[in-house]
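structure-v9.cif (mmCIF, C-alpha atoms and all ligand atoms)
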data_input
loop_
_atom_site.label_atom_id
_atom_site.label_comp_id
_atom_site.auth_asym_id
_atom_site.auth_seq_id
_atom_site.Cartn_x
_atom_site.Cartn_y
_atom_site.Cartn_z
CA MET A 1 -21.77 6.51 -9.10
CA ALA A 2 -22.48 3.14 -7.47
CA ALA A 3 -23.67 0.39 -9.74
CA LEU A 4 -26.95 -1.33 -9.03
CA THR A 5 -26.36 -4.25 -6.72
CA THR A 6 -28.62 -6.46 -4.69
CA PHE A 7 -28.05 -6.97 -1.03
CA SER A 8 -28.84 -10.14 0.82
CA GLY A 9 -26.86 -9.88 4.07
CA THR A 10 -28.06 -9.31 7.60
CA THR A 11 -25.35 -6.87 8.66
CA LEU A 12 -27.75 -4.04 9.47
CA SER A 13 -29.23 -5.62 12.55
CA GLY A 14 -29.10 -3.18 15.47
CA LYS A 15 -27.96 -0.24 13.29
CA ARG A 16 -29.93 2.99 13.03
CA VAL A 17 -30.49 5.06 9.91
CA LEU A 18 -31.81 8.61 9.93
CA LEU A 19 -33.73 8.80 6.67
CA ILE A 20 -34.20 12.32 5.31
CA VAL A 21 -36.99 12.43 2.74
CA SER A 22 -37.01 15.49 0.53
CA GLY A 23 -39.53 16.47 -2.10
CA GLY A 24 -39.54 14.63 -5.39
CA ILE A 25 -41.69 12.14 -7.21
CA ALA A 26 -39.13 9.45 -6.34
CA ALA A 27 -40.09 9.85 -2.67
CA PHE A 28 -42.65 7.08 -3.16
CA LYS A 29 -39.73 4.59 -3.35
CA VAL A 30 -38.78 5.43 0.22
CA HIS A 31 -41.56 3.17 1.48
CA GLU A 32 -39.87 0.16 -0.10
CA LEU A 33 -36.49 1.24 1.29
CA ILE A 34 -37.89 1.48 4.83
CA ARG A 35 -39.44 -1.95 4.42
CA LEU A 36 -36.09 -3.42 3.28
CA LEU A 37 -34.19 -1.75 6.13
CA ARG A 38 -36.67 -2.91 8.73
CA ALA A 39 -36.52 -6.46 7.32
CA GLN A 40 -32.75 -6.37 8.01
CA GLY A 41 -33.41 -5.39 11.63
CA CYS A 42 -32.26 -1.82 11.02
CA GLY A 43 -33.92 0.98 12.98
CA VAL A 44 -35.25 3.85 10.85
CA THR A 45 -36.16 7.35 11.94
CA CYS A 46 -37.55 9.68 9.27
CA VAL A 47 -37.14 13.42 8.81
CA LEU A 48 -39.60 14.73 6.24
CA THR A 49 -39.03 18.07 4.52
CA GLU A 50 -41.86 20.47 3.75
CA ALA A 51 -41.60 19.58 0.04
CA GLY A 52 -41.37 15.89 0.91
CA ARG A 53 -44.82 16.15 2.54
CA GLN A 54 -46.28 16.84 -0.88
CA PHE A 55 -45.27 13.35 -1.99
CA VAL A 56 -45.47 11.11 1.09
CA THR A 57 -47.34 11.46 4.35
CA PRO A 58 -45.84 11.43 7.84
CA LEU A 59 -48.38 8.76 8.69
CA SER A 60 -47.15 6.32 6.01
CA LEU A 61 -43.52 6.82 7.07
CA GLN A 62 -44.45 6.38 10.70
CA ALA A 63 -46.42 3.21 10.03
CA LEU A 64 -43.54 1.62 8.08
CA SER A 65 -40.69 2.80 10.30
CA GLU A 66 -42.65 2.21 13.53
CA ALA A 67 -41.09 5.43 14.84
CA LYS A 68 -42.01 9.06 15.23
CA VAL A 69 -41.50 11.16 12.07
CA TYR A 70 -39.80 14.55 12.51
CA ALA A 71 -40.74 17.38 10.24
CA ASP A 72 -40.47 20.83 11.74
CA LEU A 73 -37.32 22.47 13.05
CA PHE A 74 -39.32 24.93 15.06
CA SER A 75 -41.60 22.48 16.80
CA LEU A 76 -40.78 22.90 20.47
CA THR A 77 -42.31 19.54 21.29
CA ASP A 78 -40.04 17.79 18.78
CA GLU A 79 -37.01 19.80 19.85
CA SER A 80 -37.44 18.99 23.55
CA GLU A 81 -38.24 15.35 22.81
CA MET A 82 -35.36 14.82 20.37
CA GLY A 83 -33.21 17.87 19.46
CA HIS A 84 -31.73 18.09 15.99
CA ILE A 85 -28.26 17.27 17.33
CA GLN A 86 -29.62 14.26 19.17
CA LEU A 87 -31.34 13.07 15.99
CA SER A 88 -28.00 12.71 14.25
CA ARG A 89 -26.22 11.42 17.38
CA SER A 90 -28.63 8.54 17.72
CA ALA A 91 -28.07 7.40 14.11
CA ASP A 92 -25.21 5.41 12.62
CA LEU A 93 -25.77 6.93 9.19
CA LEU A 94 -27.85 9.66 7.54
CA ALA A 95 -29.43 8.84 4.17
CA VAL A 96 -31.08 11.51 2.02
CA VAL A 97 -33.65 9.70 -0.13
CA PRO A 98 -34.52 11.28 -2.48
CA ALA A 99 -31.98 14.11 -2.53
CA THR A 100 -33.36 16.98 -4.60
CA ALA A 101 -31.18 19.49 -6.46
CA ASP A 102 -32.36 22.07 -3.94
CA LEU A 103 -31.36 20.10 -0.85
CA LEU A 104 -28.00 19.17 -2.41
CA ALA A 105 -27.38 22.87 -3.12
CA ARG A 106 -28.28 23.78 0.46
CA MET A 107 -25.96 21.06 1.78
CA ALA A 108 -23.14 22.31 -0.44
CA GLY A 109 -23.77 25.88 0.70
CA GLY A 110 -23.91 24.93 4.38
CA LEU A 111 -27.45 26.25 4.86
CA ALA A 112 -29.49 25.28 7.88
CA ASN A 113 -32.95 26.59 7.11
CA ASP A 114 -35.10 23.58 7.92
CA LEU A 115 -34.78 20.48 10.08
CA ALA A 116 -33.24 18.33 7.30
CA SER A 117 -30.51 20.81 6.34
CA THR A 118 -29.81 21.61 10.00
CA VAL A 119 -29.33 17.96 10.90
CA LEU A 120 -27.10 17.48 7.84
CA LEU A 121 -24.94 20.46 8.82
CA ALA A 122 -24.69 19.35 12.45
CA THR A 123 -23.84 15.70 11.88
CA ASP A 124 -20.49 13.93 12.12
CA LYS A 125 -21.94 10.65 10.87
CA PRO A 126 -21.53 9.21 7.36
CA VAL A 127 -24.01 10.74 4.93
CA LEU A 128 -25.36 9.01 1.82
CA VAL A 129 -27.39 10.91 -0.76
CA ALA A 130 -29.60 9.38 -3.47
CA PRO A 131 -30.12 12.20 -5.99
CA ALA A 132 -33.34 12.25 -7.97
CA MET A 133 -34.25 14.95 -10.45
CA ASN A 134 -34.92 15.86 -14.06
CA VAL A 135 -32.02 14.99 -16.37
CA ARG A 136 -31.16 18.62 -17.18
CA MET A 137 -31.25 19.58 -13.52
CA TRP A 138 -28.84 16.71 -12.79
CA LEU A 139 -26.51 17.62 -15.65
CA HIS A 140 -26.60 21.35 -14.84
CA ALA A 141 -23.16 22.69 -13.98
CA ALA A 142 -24.44 23.93 -10.62
CA THR A 143 -25.70 20.48 -9.55
CA GLN A 144 -22.55 18.77 -10.82
CA ALA A 145 -20.36 21.26 -8.95
CA ASN A 146 -22.42 20.75 -5.78
CA ILE A 147 -22.10 16.96 -6.04
CA ALA A 148 -18.33 17.19 -6.63
CA LEU A 149 -17.98 19.50 -3.62
CA LEU A 150 -20.07 17.23 -1.40
CA GLN A 151 -18.06 14.18 -2.49
CA SER A 152 -14.80 15.99 -1.77
CA ARG A 153 -16.14 16.50 1.76
CA GLY A 154 -16.73 12.79 2.15
CA ILE A 155 -20.46 12.62 1.32
CA HIS A 156 -21.36 9.34 -0.38
CA VAL A 157 -23.55 9.25 -3.47
CA VAL A 158 -25.67 6.38 -4.81
CA GLY A 159 -27.06 6.76 -8.32
CA PRO A 160 -28.74 8.42 -10.04
CA ASP A 161 -29.64 5.82 -12.63
CA GLU A 162 -30.31 6.43 -16.28
CA GLY A 163 -33.74 5.70 -17.62
CA ALA A 164 -37.25 6.89 -18.37
CA MET A 165 -38.35 9.54 -15.90
CA ALA A 166 -41.67 10.75 -14.57
CA CYS A 167 -41.18 13.96 -16.60
CA HIS A 168 -41.22 11.87 -19.84
CA GLU A 169 -37.53 12.42 -20.48
CA PHE A 170 -34.73 9.89 -20.66
CA GLY A 171 -31.28 10.13 -19.11
CA PRO A 172 -29.48 10.22 -15.78
CA GLY A 173 -31.47 11.59 -12.87
CA ARG A 174 -33.73 8.70 -11.91
CA MET A 175 -33.22 7.76 -8.27
CA ALA A 176 -31.35 4.54 -7.54
CA GLU A 177 -33.60 1.59 -6.76
CA PRO A 178 -34.27 0.85 -3.07
CA ALA A 179 -32.21 -2.37 -3.26
CA ALA A 180 -29.18 -0.40 -4.51
CA ILE A 181 -29.64 2.22 -1.78
CA LEU A 182 -29.87 -0.58 0.79
CA ALA A 183 -26.63 -2.08 -0.59
CA ALA A 184 -24.89 1.32 -0.38
CA ILE A 185 -26.09 1.76 3.22
CA ALA A 186 -24.87 -1.74 4.12
CA ALA A 187 -21.49 -1.09 2.48
CA LEU A 188 -21.08 2.04 4.61
CA LEU A 189 -22.32 0.57 7.88
CA ASP A 190 -20.53 -2.73 7.55
CA PRO A 191 -17.83 -2.21 4.95
CA PRO A 192 -15.89 -5.14 3.55
CA LYS A 193 -12.52 -5.70 5.27
CA PRO A 194 -10.11 -6.45 2.41
CA LEU A 195 -7.08 -5.74 4.62
CA ALA A 196 -8.12 -8.10 7.45
CA GLY A 197 -5.04 -9.97 8.68
CA LYS A 198 -2.62 -7.37 7.27
CA HIS A 199 -0.37 -5.21 9.42
CA ALA A 200 0.29 -1.61 8.38
CA ILE A 201 2.87 0.79 9.81
CA VAL A 202 2.03 4.46 9.27
CA THR A 203 4.34 7.33 10.23
CA SER A 204 2.70 10.72 10.70
CA GLY A 205 3.32 14.27 11.86
CA PRO A 206 6.57 16.17 12.25
CA THR A 207 9.60 15.23 14.30
CA HIS A 208 11.15 17.52 16.90
CA GLU A 209 14.93 17.62 16.98
CA PRO A 210 16.22 19.13 20.23
CA ILE A 211 18.63 22.05 20.31
CA ASP A 212 18.62 21.96 24.10
CA PRO A 213 16.01 20.62 26.61
CA ILE A 214 13.75 23.61 25.84
CA ARG A 215 14.18 24.33 22.14
CA TYR A 216 13.84 22.17 19.05
CA ILE A 217 13.78 22.21 15.26
CA ALA A 218 10.35 21.32 13.87
CA ASN A 219 8.17 21.77 10.78
CA ARG A 220 4.57 22.64 9.99
CA SER A 221 3.25 19.09 9.46
CA SER A 222 -0.08 18.66 11.30
CA GLY A 223 -0.31 14.86 11.04
CA LYS A 224 -3.84 15.17 9.57
CA GLN A 225 -3.05 13.24 6.38
CA GLY A 226 -1.04 10.48 8.07
CA HIS A 227 -3.59 10.01 10.83
CA ALA A 228 -6.40 9.89 8.24
CA ILE A 229 -4.51 7.16 6.36
CA ALA A 230 -4.13 5.14 9.57
CA THR A 231 -7.89 5.47 10.16
CA ALA A 232 -8.74 4.52 6.58
CA LEU A 233 -6.48 1.44 6.64
CA ALA A 234 -8.01 0.34 9.95
CA ALA A 235 -11.50 0.82 8.48
CA LEU A 236 -10.54 -1.70 5.78
CA GLY A 237 -9.60 -4.22 8.46
CA ALA A 238 -5.82 -3.70 8.72
CA ARG A 239 -4.07 -3.86 12.09
CA VAL A 240 -2.42 -0.46 12.16
CA THR A 241 0.59 0.77 14.12
CA LEU A 242 0.64 4.55 13.88
CA ILE A 243 3.97 6.11 14.79
CA SER A 244 3.27 9.74 15.40
CA GLY A 245 5.49 12.73 15.99
CA PRO A 246 4.16 15.51 18.25
CA VAL A 247 0.74 16.53 16.84
CA ALA A 248 -2.42 18.22 18.06
CA VAL A 249 -4.80 15.85 16.22
CA ALA A 250 -6.52 13.18 18.30
CA ASP A 251 -5.40 9.55 18.24
CA PRO A 252 -7.52 7.61 15.75
CA THR A 253 -9.70 4.92 17.29
CA GLY A 254 -8.97 1.28 16.58
CA VAL A 255 -5.30 1.99 15.87
CA SER A 256 -2.31 1.34 18.09
CA VAL A 257 -0.39 4.59 18.50
CA ARG A 258 3.30 4.99 19.42
CA ARG A 259 4.22 8.58 20.19
CA VAL A 260 7.77 9.72 19.46
CA GLU A 261 9.62 13.00 19.22
CA THR A 262 12.74 12.57 17.13
CA ALA A 263 13.51 10.93 13.80
CA GLN A 264 15.73 8.39 15.52
CA GLN A 265 12.90 7.41 17.88
CA MET A 266 10.55 7.19 14.89
CA LEU A 267 12.94 4.83 13.10
CA GLU A 268 13.35 2.65 16.20
CA ALA A 269 9.57 2.47 16.66
CA ALA A 270 9.08 1.59 12.97
CA GLN A 271 11.69 -1.17 13.11
CA ALA A 272 10.24 -2.51 16.35
CA ALA A 273 6.81 -2.67 14.67
CA LEU A 274 8.07 -4.98 11.89
CA PRO A 275 7.05 -7.36 10.40
CA ALA A 276 4.42 -5.53 8.42
CA ASP A 277 2.71 -5.98 5.08
CA ILE A 278 2.32 -2.26 4.42
CA ALA A 279 4.32 0.82 5.38
CA VAL A 280 3.07 4.32 4.67
CA CYS A 281 5.62 6.98 5.58
CA ALA A 282 3.55 10.14 5.75
CA ALA A 283 5.62 11.81 8.47
CA ALA A 284 7.55 14.98 7.70
CA VAL A 285 10.75 13.71 9.24
CA ALA A 286 13.40 16.34 9.97
CA ASP A 287 16.27 15.81 7.55
CA TRP A 288 18.84 16.89 10.10
CA ARG A 289 19.28 16.79 13.86
CA VAL A 290 21.53 18.90 16.04
CA ALA A 291 24.76 17.04 16.74
CA ASN A 292 25.83 19.51 19.39
CA ALA A 293 22.48 19.68 21.26
CA ALA A 294 23.12 21.06 24.75
CA GLU A 295 22.38 19.10 27.93
CA GLY A 296 21.13 22.22 29.67
CA LYS A 297 19.33 25.33 28.39
CA ILE A 298 21.63 27.45 26.22
CA LYS A 299 21.86 30.87 27.87
CA LYS A 300 22.16 34.04 25.86
CA LYS A 301 24.93 36.27 27.14
CA GLN A 302 25.67 39.84 26.19
CA GLY A 303 28.57 40.10 23.82
CA VAL A 304 28.66 36.35 23.14
CA ALA A 305 27.90 35.26 19.58
CA ALA A 306 24.73 33.25 18.84
CA PRO A 307 25.38 29.49 19.13
CA ALA A 308 26.22 27.67 15.89
CA LEU A 309 24.17 24.54 15.38
CA GLU A 310 26.02 21.61 13.91
CA LEU A 311 23.52 19.61 11.86
CA VAL A 312 23.95 15.97 10.91
CA PRO A 313 21.62 13.92 8.67
CA ASN A 314 18.87 11.88 10.26
CA PRO A 315 18.27 8.27 9.30
CA ASP A 316 15.83 7.91 6.41
CA ILE A 317 12.95 5.79 7.72
CA LEU A 318 11.33 5.31 4.30
CA ALA A 319 14.59 4.20 2.69
CA THR A 320 15.39 1.94 5.65
CA LEU A 321 12.00 0.19 5.50
CA SER A 322 12.27 -0.08 1.70
CA SER A 323 15.56 -1.96 2.00
CA ALA A 324 14.69 -4.05 5.05
CA GLY A 325 15.56 -7.34 3.29
CA PRO A 326 13.31 -10.25 4.23
CA SER A 327 11.33 -8.05 6.64
CA ARG A 328 10.60 -5.41 3.96
CA PRO A 329 6.85 -4.74 3.90
CA ARG A 330 5.33 -5.91 0.64
CA LEU A 331 4.13 -2.39 -0.15
CA VAL A 332 6.10 0.68 0.94
CA VAL A 333 4.56 4.08 0.24
CA GLY A 334 6.33 7.40 0.67
CA PHE A 335 5.30 11.01 0.36
CA ALA A 336 6.96 13.81 -1.54
CA ALA A 337 6.04 17.21 -0.16
CA GLU A 338 7.64 19.71 -2.52
CA THR A 339 7.38 23.35 -3.41
CA ASP A 340 9.19 23.06 -6.79
CA ASP A 341 9.44 20.51 -9.61
CA LEU A 342 6.94 18.30 -7.78
CA LEU A 343 6.59 15.42 -10.22
CA ALA A 344 10.24 15.24 -11.29
CA ASN A 345 11.31 15.20 -7.63
CA ALA A 346 8.68 12.58 -6.81
CA ALA A 347 9.79 10.29 -9.64
CA SER A 348 13.45 10.51 -8.62
CA LYS A 349 12.47 9.93 -4.96
CA LEU A 350 10.74 6.70 -5.95
CA GLN A 351 14.07 5.43 -7.31
CA ARG A 352 16.28 6.87 -4.58
CA LYS A 353 14.24 5.61 -1.64
CA GLY A 354 13.44 2.23 -3.19
CA CYS A 355 9.76 2.46 -2.25
CA ASP A 356 6.85 1.25 -4.39
CA TRP A 357 4.68 4.36 -4.55
CA ILE A 358 5.16 8.05 -3.90
CA ILE A 359 2.21 10.28 -3.05
CA ALA A 360 3.34 13.68 -4.26
CA ASN A 361 1.83 16.93 -3.05
CA ASP A 362 2.66 20.58 -3.58
CA VAL A 363 3.08 22.19 -0.15
CA SER A 364 3.74 25.75 -1.34
CA PRO A 365 2.09 28.11 1.19
CA ALA A 366 -0.42 29.27 -1.46
CA THR A 367 -1.91 25.75 -1.69
CA GLY A 368 -2.94 25.81 2.00
CA ILE A 369 -2.20 22.05 2.12
CA MET A 370 0.27 22.05 5.01
CA GLY A 371 -1.94 22.01 8.09
CA GLY A 372 -5.11 22.44 5.97
CA GLU A 373 -8.11 20.13 5.52
CA GLU A 374 -7.64 19.36 1.82
CA ASN A 375 -4.95 17.88 -0.37
CA THR A 376 -4.18 17.61 -4.08
CA VAL A 377 -2.03 14.57 -4.67
CA HIS A 378 -0.41 12.69 -7.53
CA LEU A 379 0.15 8.95 -7.24
CA VAL A 380 3.56 8.10 -8.67
CA THR A 381 4.27 4.42 -9.35
CA ALA A 382 6.46 2.46 -11.74
CA ALA A 383 3.44 2.44 -14.05
CA GLY A 384 3.24 6.23 -14.28
CA ILE A 385 1.63 9.25 -12.65
CA GLU A 386 -2.03 9.67 -11.71
CA ASP A 387 -3.33 13.16 -10.94
CA TRP A 388 -6.08 13.16 -8.32
CA PRO A 389 -8.49 16.10 -7.87
CA ARG A 390 -8.39 18.31 -4.77
CA LEU A 391 -10.11 16.30 -2.03
CA SER A 392 -10.50 16.36 1.72
CA LYS A 393 -7.57 14.67 3.47
CA GLN A 394 -10.02 12.05 4.70
CA ARG A 395 -11.10 11.27 1.15
CA VAL A 396 -7.47 11.16 -0.07
CA ALA A 397 -6.77 8.72 2.77
CA GLU A 398 -9.77 6.54 1.85
CA GLN A 399 -8.66 6.43 -1.78
CA ILE A 400 -5.07 5.57 -0.85
CA ALA A 401 -6.34 2.82 1.47
CA ALA A 402 -8.62 1.49 -1.28
CA ARG A 403 -5.68 1.41 -3.72
CA ILE A 404 -3.55 -0.38 -1.13
CA ALA A 405 -6.35 -2.91 -0.63
CA GLY A 406 -6.28 -3.47 -4.40
CA VAL A 407 -2.66 -4.64 -4.14
CA PHE A 408 -3.66 -7.30 -1.62
CA ALA A 409 -6.85 -8.40 -3.43
O1 LIG B 501 13.51 13.08 1.19
P1 LIG B 501 12.19 13.59 1.60
O2 LIG B 501 12.13 14.06 3.01
O3 LIG B 501 11.59 14.59 0.67
O4 LIG B 501 11.25 12.29 1.47
C1 LIG B 501 9.94 12.31 1.90
C2 LIG B 501 9.49 10.92 2.21
O5 LIG B 501 10.50 10.25 2.92
C3 LIG B 501 8.31 10.90 3.12
O6 LIG B 501 7.57 9.72 2.86
C4 LIG B 501 8.92 10.87 4.51
O7 LIG B 501 8.05 10.29 5.46
C5 LIG B 501 10.12 9.99 4.27
N1 LIG B 501 11.26 10.30 5.10
C6 LIG B 501 11.64 9.42 6.10
N2 LIG B 501 12.74 9.68 6.87
C7 LIG B 501 13.48 10.78 6.66
C8 LIG B 501 13.11 11.68 5.65
C9 LIG B 501 12.00 11.42 4.90
O8 LIG B 501 10.96 8.42 6.30
N3 LIG B 501 14.53 11.01 7.40
#

Could you quickly redo this structure as structure tokens?
Amino acid sequence: MAALTTFSGTTLSGKRVLLIVSGGIAAFKVHELIRLLRAQGCGVTCVLTEAGRQFVTPLSLQALSEAKVYADLFSLTDESEMGHIQLSRSADLLAVVPATADLLARMAGGLANDLASTVLLATDKPVLVAPAMNVRMWLHAATQANIALLQSRGIHVVGPDEGAMACHEFGPGRMAEPAAILAAIAALLDPPKPLAGKHAIVTSGPTHEPIDPIRYIANRSSGKQGHAIATALAALGARVTLISGPVAVADPTGVSVRRVETAQQMLEAAQAALPADIAVCAAAVADWRVANAAEGKIKKKQGVAAPALELVPNPDILATLSSAGPSRPRLVVGFAAETDDLLANAASKLQRKGCDWIIANDVSPATGIMGGEENTVHLVTAAGIEDWPRLSKQRVAEQIAARIAGVFA
């Protein structure tokens, strides 16, 4: 959980926060948070839950935020004025302050049974929650599981703090102070750029190796993890060249994308993108290409045997970048997608390829990782192996990018 920090910047000017106030004694602190946000020039629109109304009034929120307060999903006036989708669209970030155990559980379960939970389910914006509850409610396995699930989906959490609580108990569960929530909001809306001035090459997706002009050899890589890494590195300020094989995922914004088909084209694009400080080879490059690929479509003929494909090895992009002499990126990261002996294979790959880190993941069909939304990875470096929990690919990417930033700190 985020440590208490004070914030004194002015980076929130012109930003908009949708503040969801749920029911808890800590709701009184939301007044101070609105005041701090407004002092930074940040627009605030409040959504007040039914339980939240027991602790703060719509009028007080409206007076402080200088904006209409939304409370009822089924109010036709509210819905026509500002639909629940529009509420999230018009915000840069959603902050749930305080976040009760009940609302966290509904978020984790994907419920949409009031305006707050509906907006939270419908949003594609960053979401920050500031939990506040009794210590035993916070430590309950259900709440902890819900928080872990929400974090694995990319929800950000600030607090709770440890201390004396309104219920005369002591322990974790007290909502983070408004200044700490403000700092967490600022960090999300205007994150530090530790990789500013650094150039990163990321390979992603599969390669297609032609058999003839119509047919090719491919693999099941979706490009989701590689593209997410490109996005995460760009978010930390890196200039990113993403070299992508044929994928269905959209080009990330703020990244320069080179589209290729074959491993040879991917290598040429990677070499052309040098010099770079960082290379992350997340692509599932075909190990072999067809040496006897036909110029025209191979026709099947009755009585004629099926064509024999002569396969020759493709260049190894990761190994090539790792041994690029003076133009070797300072940090070269490879992936090891394995179905057997994952960690042993990853450790030997680190040596063989000459890269600095290997991100190892088990891609056995039962894991659902290939093409899926989540990943369980192990970070293999000269210092040893770190096992990471199962996380969304976006979260894995953010953590990899943060670790990379640590190298350049
Ligand atoms: O040898 P293997 O394919 O298992 O190695 C996987 C790692 O090597 C990945 O990082 C992948 O992007 C990279 N690789 C490559 N060029 C190849 C084969 C693999 O860059 N021809």

- Task: Compile the contact shell of A:Leu331 as an NGL selection string: residues with an atom at most 7 Å away, counting all atoms listed in the file, same-chain residues fewer than 4 positions apart removed.
- Result: :A and (277-279 or 356)

- Task: Check which residues fall inside 7 Å of ligand LIG 501 (chain B) when counting only C-alpha atoms and all ligand atoms, and print them as a PyMOL selection string.
- Result: chain A and resi 203+263+281-287+314-319+333-337+349

Can you write just those residues out, C-alpha atoms, as an mmCIF file, keeping the file's coordinate frame?
data_model
loop_
_atom_site.group_PDB
_atom_site.id
_atom_site.type_symbol
_atom_site.label_atom_id
_atom_site.label_comp_id
_atom_site.auth_asym_id
_atom_site.auth_seq_id
_atom_site.Cartn_x
_atom_site.Cartn_y
_atom_site.Cartn_z
ATOM 1 C CA THR A 203 4.340 7.330 10.230
ATOM 2 C CA ALA A 263 13.510 10.930 13.800
ATOM 3 C CA CYS A 281 5.620 6.980 5.580
ATOM 4 C CA ALA A 282 3.550 10.140 5.750
ATOM 5 C CA ALA A 283 5.620 11.810 8.470
ATOM 6 C CA ALA A 284 7.550 14.980 7.700
ATOM 7 C CA VAL A 285 10.750 13.710 9.240
ATOM 8 C CA ALA A 286 13.400 16.340 9.970
ATOM 9 C CA ASP A 287 16.270 15.810 7.550
ATOM 10 C CA ASN A 314 18.870 11.880 10.260
ATOM 11 C CA PRO A 315 18.270 8.270 9.300
ATOM 12 C CA ASP A 316 15.830 7.910 6.410
ATOM 13 C CA ILE A 317 12.950 5.790 7.720
ATOM 14 C CA LEU A 318 11.330 5.310 4.300
ATOM 15 C CA ALA A 319 14.590 4.200 2.690
ATOM 16 C CA VAL A 333 4.560 4.080 0.240
ATOM 17 C CA GLY A 334 6.330 7.400 0.670
ATOM 18 C CA PHE A 335 5.300 11.010 0.360
ATOM 19 C CA ALA A 336 6.960 13.810 -1.540
ATOM 20 C CA ALA A 337 6.040 17.210 -0.160
ATOM 21 C CA LYS A 349 12.470 9.930 -4.960
#

- Task: Select, counting all atoms listed in the file, all protein, DNA and RNA residues no farther than 10 Å from (-10.3, 4.0, 9.2) in file coordinates, and express the selection as a ChimeraX atom specification.
- Result: /A:227-238,240,252-255,394,397-398,401

- Task: Find the residue from A:Asn219, A:Ser323, A:Thr100, A:Ser88 that sits nearest to A:Leu120; use all atoms listed in the file when measuring.
- Result: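 Counting all atoms listed in the file, the residue closest to A:Leu120 is A:Ser88.
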
- Message: Would you pick out the contacts of A:Gly223 at 8 Å or less, using all atoms listed in the file, so that residues sharing its chain but fewer than 4 positions from it are not included, and give the list as a ChimeraX atom specification?
- Response: /A:204-206,227,244-245,247,249,283,371

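Checking A:Ala218, A:Leu103, A:Ala409, A:Leu182 one by one against A:Arg38, counting only C-alpha atoms, you find the shortest gap at A:Leu182.
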
- Message: If I take atom CA of A:Val119 and atom CA of A:Ile85, how far is one from the other in Å, to one decimal?
- Response: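 Interatomic distance, atom CA of A:Val119 to atom CA of A:Ile85: 6.6 Å.
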
- Gap from atom CA of A:Thr376 to atom CA of A:Arg390 - Å, one decimal: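 Between atom CA of A:Thr376 and atom CA of A:Arg390 the gap is 4.3 Å.
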
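The shortest atom-to-atom distance to A:Ala101, with only C-alpha atoms taken into account, belongs to A:Ser22 out of A:Ser22, A:Thr262, A:Thr339, A:Ser322.
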
- Which residue of A:Ala164, A:Ser152, A:Asp114, A:Pro172 approaches A:His140 most closely, using only C-alpha atoms: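 Distance minimum relative to A:His140 lands on A:Pro172.
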
- Which is closer to A:Thr118 than all the others in A:Ala71, A:Ala272, A:Ala360, A:Leu12, using only C-alpha atoms?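 Among the listed residues, A:Ala71 lies closest to A:Thr118.
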
- Work out how far apart atom CA of A:Gly406 and atom CA of A:Gln144 are and give it in Å to one decimal. 28.3 Å

- Note on the structure: With distances taken over only C-alpha atoms, the candidate from A:Leu33, A:Leu149, A:Asn134, A:Gly24 nearest A:Glu169 is A:Asn134

- Message: Env of A:Ala383: 12 Å cut, atoms = only C-alpha atoms, seq-sep filter 4 positions within chain, self excluded. Answer as a PyMOL selection string.
- Response: chain A and resi 347+350+356-358+379

- Do you know which residues are at most 10 Å from stretch 293-309 of chain A counting only C-alpha atoms, after dropping those on the same chain fewer than 5 positions away, and could you put them as a PyMOL selection string? chain A and resi 209-216

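Residues in contact with A:Lys15 at up to 8 Å, not including ones fewer than 6 positions away on its chain and judged by only C-alpha atoms, are Gly41, Cys42, Gly43, Ala91, Asp92 and Leu189 of chain A.
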
Written selection (C-alpha atoms) as a PDB file, keeping the file's coordinate frame:
ATOM      1  CA  GLY A  41     -33.410  -5.390  11.630  1.00  0.00           C
ATOM      2  CA  CYS A  42     -32.260  -1.820  11.020  1.00  0.00           C
ATOM      3  CA  GLY A  43     -33.920   0.980  12.980  1.00  0.00           C
ATOM      4  CA  ALA A  91     -28.070   7.400  14.110  1.00  0.00           C
ATOM      5  CA  ASP A  92     -25.210   5.410  12.620  1.00  0.00           C
ATOM      6  CA  LEU A 189     -22.320   0.570   7.880  1.00  0.00           C
TER       7      LEU A 189
END
